[in-house]
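Student: One structure is given below, represented as structure tokens, and several questions about it will come after.
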Amino acid sequence: MRRGKRTALGAIAVVSVIATVGSVTTASANRLDGTLRTNQVQVLATHNSYHIEQDAPIQSPPNMQYTHPPLDQQLDLGVRGFELDVANAPDGQFPVLHTPVIDATSNCTPIAQCLQVVRTWSTAHPGHVPIFILIEPKNDDIDFTIDPSLRRFDAAGLDQLDAVVRSSLGRQLITPDSVRGKAKTLRAAVTGKGWPSSPRPAARCWSPSTQAARSVTPSCRGTRRSRSGPCS
């Protein structure tokens with residue numbers, strides 16, 4: 001994700017991965033599990049978590065000359081939050097990259113592969129705190145100038161991305177509907193009974209907070225209300 005003004009920005013989804021809970025009590029269990037709320041948890045996170053410094057065909061710009069280890073290695077180091085930028089490729093895949101061609105080297109791609117790495121690690125480490133994954137669908141004009149084959153994210157594209165996220169994480173993914181439960185709205189649920197307790201994660205999708213994102217959000221939301229769907 002680039003900092004600064006954006007001419008266009010797709011919806012931003014926040015994904016939370018629930019800890020795998022089995023019959024085995026692990027050393028990672030905490031006395032506050034089941035009491036501490038998800039919104040009371042602070043985690044260590046990385047920005048552009050997939051990024052690898054690129055040297056060909058074009059060297060990364062000076063501010064992007066850094067390399068993150070693979071996601072599972074970051075998890076081993078204690079990281080519990082990732083930020084992943086995805087593009088909408090014409091083949092239906094969602095490659096993970098910073099900028100097409102000029103800064104496009106990643107430690108995992110497409111997004112399904114990245115999420116599978118997280119899911120595998122989560123399964124092997126029952127009892128961990130929630131893993132938060134910020135997924136940013138890229139809709140910057142410059143990206144389409146550099147690579148005209150890329151598609152802009154619209155309602156259909158965001159629905160496809162949502163389907164990939166759901167299929168990749170399976171039951172380890174908590175959705176707004178599951179947090180809402182029998183409440184009329186997600187807001188009513190979290191202001192009433194409160195956020196889920198740890199290690200259960202928070203709602204999967206949050207509304208974009210940037211002004212530029214709002215130009216995309218209404219068209220992709222359609223009839224969805226109260227944080228329901230991939231771009232709520």
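Each chain in the structure tokens gets a letter, A, B, ..., in the order shown, and its residues are numbered from 1; ligands are numbered from 1 in order too.
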Just want the 12 Å neighbourhood of Val96 (chain A), counted on only C-alpha atoms, with same-chain residues fewer than 3 positions away dropped. Output as a PyMOL selection string.

Tutor: chain A and resi 1+48-52+83-89+93+99-100+103-115+135-138

Student: Write out as a short mmCIF file (atom, residue, chain, number, x, y, z; two decimals) with all heavy atoms, in the first residue's frame the set of residues from region 101-174 of chain A that DSSP, computed on the backbone, places in strand (DSSP E or B).

Tutor:
data_model
loop_
_atom_site.label_atom_id
_atom_site.label_comp_id
_atom_site.auth_asym_id
_atom_site.auth_seq_id
_atom_site.Cartn_x
_atom_site.Cartn_y
_atom_site.Cartn_z
N ASP A 103 7.41 -2.78 -9.03
CA ASP A 103 7.60 -3.22 -7.64
C ASP A 103 6.60 -4.33 -7.36
O ASP A 103 5.66 -4.17 -6.59
CB ASP A 103 7.39 -2.04 -6.69
CG ASP A 103 7.88 -2.34 -5.27
OD1 ASP A 103 8.71 -3.25 -5.11
OD2 ASP A 103 7.42 -1.66 -4.33
N SER A 106 6.85 -10.58 -4.59
CA SER A 106 6.18 -10.88 -3.32
C SER A 106 6.65 -12.22 -2.77
O SER A 106 7.06 -13.11 -3.53
CB SER A 106 4.66 -10.91 -3.52
OG SER A 106 4.20 -9.71 -4.10
N ILE A 131 -5.25 -13.49 14.29
CA ILE A 131 -4.37 -12.92 13.28
C ILE A 131 -5.22 -12.01 12.40
O ILE A 131 -6.20 -12.46 11.82
CB ILE A 131 -3.73 -14.03 12.42
CG1 ILE A 131 -2.92 -14.99 13.30
CG2 ILE A 131 -2.84 -13.43 11.33
CD1 ILE A 131 -2.49 -16.26 12.57
N PHE A 132 -4.84 -10.76 12.33
CA PHE A 132 -5.60 -9.79 11.56
C PHE A 132 -4.93 -9.54 10.21
O PHE A 132 -3.73 -9.29 10.16
CB PHE A 132 -5.72 -8.48 12.34
CG PHE A 132 -6.45 -8.62 13.64
CD1 PHE A 132 -5.78 -8.94 14.81
CD2 PHE A 132 -7.82 -8.45 13.69
CE1 PHE A 132 -6.45 -9.08 16.01
CE2 PHE A 132 -8.52 -8.59 14.89
CZ PHE A 132 -7.82 -8.91 16.05
N ILE A 133 -5.71 -9.63 9.15
CA ILE A 133 -5.17 -9.44 7.81
C ILE A 133 -5.94 -8.34 7.10
O ILE A 133 -7.14 -8.48 6.85
CB ILE A 133 -5.24 -10.74 6.99
CG1 ILE A 133 -4.58 -11.90 7.74
CG2 ILE A 133 -4.56 -10.55 5.63
CD1 ILE A 133 -4.78 -13.24 7.07
N LEU A 134 -5.24 -7.25 6.80
CA LEU A 134 -5.83 -6.16 6.05
C LEU A 134 -5.59 -6.41 4.56
O LEU A 134 -4.45 -6.50 4.13
CB LEU A 134 -5.20 -4.83 6.46
CG LEU A 134 -5.61 -3.59 5.65
CD1 LEU A 134 -7.07 -3.24 5.90
CD2 LEU A 134 -4.71 -2.41 5.99
N ILE A 135 -6.66 -6.56 3.79
CA ILE A 135 -6.54 -6.79 2.35
C ILE A 135 -7.01 -5.54 1.63
O ILE A 135 -8.15 -5.10 1.81
CB ILE A 135 -7.38 -8.01 1.91
CG1 ILE A 135 -6.86 -9.27 2.59
CG2 ILE A 135 -7.33 -8.16 0.39
CD1 ILE A 135 -7.67 -10.52 2.26
N GLU A 136 -6.12 -4.96 0.82
CA GLU A 136 -6.48 -3.77 0.07
C GLU A 136 -6.57 -4.07 -1.42
O GLU A 136 -5.55 -4.29 -2.08
CB GLU A 136 -5.47 -2.65 0.28
CG GLU A 136 -5.86 -1.39 -0.49
CD GLU A 136 -4.85 -0.27 -0.38
OE1 GLU A 136 -3.98 -0.33 0.50
OE2 GLU A 136 -4.94 0.66 -1.20
N PRO A 137 -7.76 -4.10 -1.99
CA PRO A 137 -7.90 -4.22 -3.44
C PRO A 137 -7.41 -2.93 -4.10
O PRO A 137 -7.88 -1.85 -3.79
CB PRO A 137 -9.41 -4.41 -3.65
CG PRO A 137 -9.93 -4.84 -2.30
CD PRO A 137 -9.06 -4.12 -1.31
N ARG A 151 -7.81 -5.36 -14.19
CA ARG A 151 -9.21 -4.93 -14.15
C ARG A 151 -9.46 -4.14 -12.87
O ARG A 151 -8.90 -4.45 -11.82
CB ARG A 151 -10.14 -6.16 -14.20
CG ARG A 151 -9.94 -7.01 -15.44
CD ARG A 151 -10.90 -8.19 -15.47
NE ARG A 151 -10.68 -9.09 -14.33
CZ ARG A 151 -11.37 -10.23 -14.17
NH1 ARG A 151 -12.30 -10.57 -15.05
NH2 ARG A 151 -11.12 -11.00 -13.13
N LEU A 173 -12.26 -18.44 9.61
CA LEU A 173 -12.62 -17.06 9.32
C LEU A 173 -13.92 -16.69 10.02
O LEU A 173 -14.90 -17.43 9.96
CB LEU A 173 -12.80 -16.90 7.80
CG LEU A 173 -13.26 -15.55 7.29
CD1 LEU A 173 -12.17 -14.50 7.51
CD2 LEU A 173 -13.59 -15.64 5.81
#

Student: Which distance in Å separates CA of Tyr66 (chain A) and CA of Gln54 (chain A), to one decimal?

Tutor: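 Interatomic distance here is 8.8 Å.
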
Student: Could you jot down the CA of Thr35 (chain A) to CA of Pro130 (chain A) separation for me, Å, one decimal place?

Tutor: 14.1 Å

Student: Would you mind telling me which residue in A:Val41, A:Val118, A:Ala189, A:Leu161 lies nearest to Gln73 (chain A) when using only C-alpha atoms?

Tutor: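 Of A:Val41, A:Val118, A:Ala189, A:Leu161, the one nearest Gln73 (chain A), counting only C-alpha atoms, is A:Val118.
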
Student: Report, in Å with one decimal, the straight-line distance from CA of Val101 (chain A) to CA of Met64 (chain A).

Tutor: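 It comes out at 13.6 Å.
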
Student: Can you list every residue in region 111-193 of chain A that DSSP puts in alpha helix (DSSP H), as JSON, numbers by chain?

Tutor: {"A": [111, 112, 113, 114, 115, 116, 117, 118, 119, 120, 121, 122, 123, 124, 141, 142, 143, 144, 145, 146, 155, 156, 157, 158, 159, 160, 161, 162, 163, 164, 165, 166, 167, 168, 169, 176, 177, 178, 179, 180, 186, 187, 188, 189, 190, 191, 192]}

Student: Could you write out that same residue set with N, CA and C atoms as a short mmCIF file (atom, residue, chain, number, x, y, z; two decimals), in the first residue's frame?

Tutor:
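As written to disk, part-v1.cif reads:
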data_model
loop_
_atom_site.label_atom_id
_atom_site.label_comp_id
_atom_site.auth_asym_id
_atom_site.auth_seq_id
_atom_site.Cartn_x
_atom_site.Cartn_y
_atom_site.Cartn_z
N ILE A 111 -3.33 -14.19 -3.71
CA ILE A 111 -3.82 -14.04 -2.35
C ILE A 111 -4.19 -15.37 -1.72
N ALA A 112 -4.71 -16.31 -2.51
CA ALA A 112 -5.09 -17.62 -1.95
C ALA A 112 -3.88 -18.32 -1.35
N GLN A 113 -2.73 -18.19 -1.99
CA GLN A 113 -1.52 -18.82 -1.46
C GLN A 113 -1.11 -18.19 -0.14
N CYS A 114 -1.18 -16.86 -0.05
CA CYS A 114 -0.83 -16.17 1.19
C CYS A 114 -1.73 -16.63 2.34
N LEU A 115 -3.02 -16.69 2.07
CA LEU A 115 -3.96 -17.09 3.11
C LEU A 115 -3.78 -18.55 3.51
N GLN A 116 -3.38 -19.38 2.57
CA GLN A 116 -3.12 -20.79 2.89
C GLN A 116 -1.92 -20.92 3.82
N VAL A 117 -0.91 -20.08 3.62
CA VAL A 117 0.26 -20.07 4.51
C VAL A 117 -0.19 -19.75 5.94
N VAL A 118 -1.04 -18.74 6.07
CA VAL A 118 -1.54 -18.35 7.39
C VAL A 118 -2.40 -19.46 7.99
N ARG A 119 -3.26 -20.05 7.18
CA ARG A 119 -4.13 -21.11 7.67
C ARG A 119 -3.32 -22.31 8.16
N THR A 120 -2.30 -22.69 7.42
CA THR A 120 -1.46 -23.82 7.80
C THR A 120 -0.76 -23.55 9.13
N TRP A 121 -0.21 -22.34 9.26
CA TRP A 121 0.46 -21.97 10.51
C TRP A 121 -0.53 -21.97 11.67
N SER A 122 -1.71 -21.42 11.44
CA SER A 122 -2.72 -21.35 12.49
C SER A 122 -3.11 -22.74 12.97
N THR A 123 -3.30 -23.65 12.04
CA THR A 123 -3.67 -25.02 12.41
C THR A 123 -2.59 -25.69 13.24
N ALA A 124 -1.33 -25.37 12.95
CA ALA A 124 -0.20 -25.98 13.66
C ALA A 124 0.07 -25.31 15.00
N ASP A 141 -5.18 4.63 -10.39
CA ASP A 141 -5.08 4.88 -11.83
C ASP A 141 -3.71 4.52 -12.38
N ILE A 142 -2.65 4.79 -11.62
CA ILE A 142 -1.30 4.53 -12.10
C ILE A 142 -1.08 3.06 -12.39
N ASP A 143 -1.73 2.19 -11.62
CA ASP A 143 -1.57 0.75 -11.83
C ASP A 143 -2.11 0.32 -13.19
N PHE A 144 -3.21 0.92 -13.62
CA PHE A 144 -3.81 0.56 -14.90
C PHE A 144 -3.06 1.21 -16.07
N THR A 145 -2.34 2.28 -15.79
CA THR A 145 -1.48 2.88 -16.81
C THR A 145 -0.27 2.00 -17.05
N ILE A 146 0.30 1.48 -15.97
CA ILE A 146 1.47 0.61 -16.08
C ILE A 146 1.11 -0.74 -16.69
N ALA A 155 -18.26 -4.49 -8.18
CA ALA A 155 -19.01 -5.39 -7.31
C ALA A 155 -18.67 -6.84 -7.58
N ALA A 156 -18.58 -7.20 -8.86
CA ALA A 156 -18.29 -8.59 -9.21
C ALA A 156 -16.88 -8.98 -8.77
N GLY A 157 -15.93 -8.08 -8.98
CA GLY A 157 -14.55 -8.38 -8.59
C GLY A 157 -14.40 -8.55 -7.09
N LEU A 158 -15.08 -7.70 -6.32
CA LEU A 158 -15.01 -7.81 -4.87
C LEU A 158 -15.71 -9.06 -4.37
N ASP A 159 -16.79 -9.44 -5.03
CA ASP A 159 -17.46 -10.70 -4.66
C ASP A 159 -16.55 -11.89 -4.93
N GLN A 160 -15.81 -11.85 -6.04
CA GLN A 160 -14.87 -12.93 -6.34
C GLN A 160 -13.76 -12.99 -5.31
N LEU A 161 -13.25 -11.82 -4.94
CA LEU A 161 -12.21 -11.78 -3.92
C LEU A 161 -12.74 -12.31 -2.59
N ASP A 162 -13.94 -11.93 -2.24
CA ASP A 162 -14.57 -12.41 -1.01
C ASP A 162 -14.68 -13.93 -1.01
N ALA A 163 -15.04 -14.49 -2.16
CA ALA A 163 -15.17 -15.94 -2.27
C ALA A 163 -13.83 -16.64 -2.08
N VAL A 164 -12.77 -16.04 -2.61
CA VAL A 164 -11.43 -16.61 -2.45
C VAL A 164 -11.01 -16.59 -0.98
N VAL A 165 -11.27 -15.48 -0.30
CA VAL A 165 -10.91 -15.37 1.11
C VAL A 165 -11.67 -16.42 1.93
N ARG A 166 -12.96 -16.54 1.68
CA ARG A 166 -13.77 -17.51 2.42
C ARG A 166 -13.31 -18.94 2.18
N SER A 167 -13.03 -19.27 0.92
CA SER A 167 -12.62 -20.64 0.62
C SER A 167 -11.22 -20.94 1.13
N SER A 168 -10.37 -19.93 1.20
CA SER A 168 -8.99 -20.14 1.64
C SER A 168 -8.88 -20.33 3.14
N LEU A 169 -9.71 -19.62 3.91
CA LEU A 169 -9.61 -19.68 5.37
C LEU A 169 -10.66 -20.59 6.01
N PRO A 176 -18.96 -10.98 9.51
CA PRO A 176 -19.86 -10.06 10.22
C PRO A 176 -21.14 -10.74 10.69
N ASP A 177 -21.68 -11.63 9.87
CA ASP A 177 -22.93 -12.30 10.25
C ASP A 177 -22.75 -13.14 11.50
N SER A 178 -21.60 -13.78 11.64
CA SER A 178 -21.39 -14.62 12.81
C SER A 178 -21.20 -13.77 14.07
N VAL A 179 -20.63 -12.58 13.91
CA VAL A 179 -20.48 -11.68 15.05
C VAL A 179 -21.83 -11.07 15.41
N ARG A 180 -22.63 -10.76 14.41
CA ARG A 180 -23.94 -10.15 14.63
C ARG A 180 -24.89 -11.09 15.34
N LEU A 186 -24.87 -5.31 13.07
CA LEU A 186 -23.57 -5.55 13.67
C LEU A 186 -23.29 -4.53 14.77
N ARG A 187 -23.68 -3.27 14.53
CA ARG A 187 -23.48 -2.24 15.55
C ARG A 187 -24.22 -2.60 16.83
N ALA A 188 -25.47 -3.06 16.68
CA ALA A 188 -26.25 -3.43 17.86
C ALA A 188 -25.59 -4.57 18.62
N ALA A 189 -24.97 -5.49 17.87
CA ALA A 189 -24.33 -6.64 18.51
C ALA A 189 -23.11 -6.22 19.33
N VAL A 190 -22.24 -5.39 18.75
CA VAL A 190 -21.00 -5.05 19.44
C VAL A 190 -21.21 -3.99 20.52
N THR A 191 -22.26 -3.16 20.40
CA THR A 191 -22.54 -2.20 21.47
C THR A 191 -23.41 -2.80 22.55
N GLY A 192 -24.05 -3.94 22.22
CA GLY A 192 -24.88 -4.62 23.20
C GLY A 192 -24.10 -5.67 23.97
#

Student: Kindly indicate which residue among A:Ile102, A:Ile174, A:Asp91, A:Gln40 lies nearest to Gln65 (chain A), using only C-alpha atoms for the distances.

Tutor: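 Looking at the shortest contact to Gln65 (chain A), the residue is A:Ile102.
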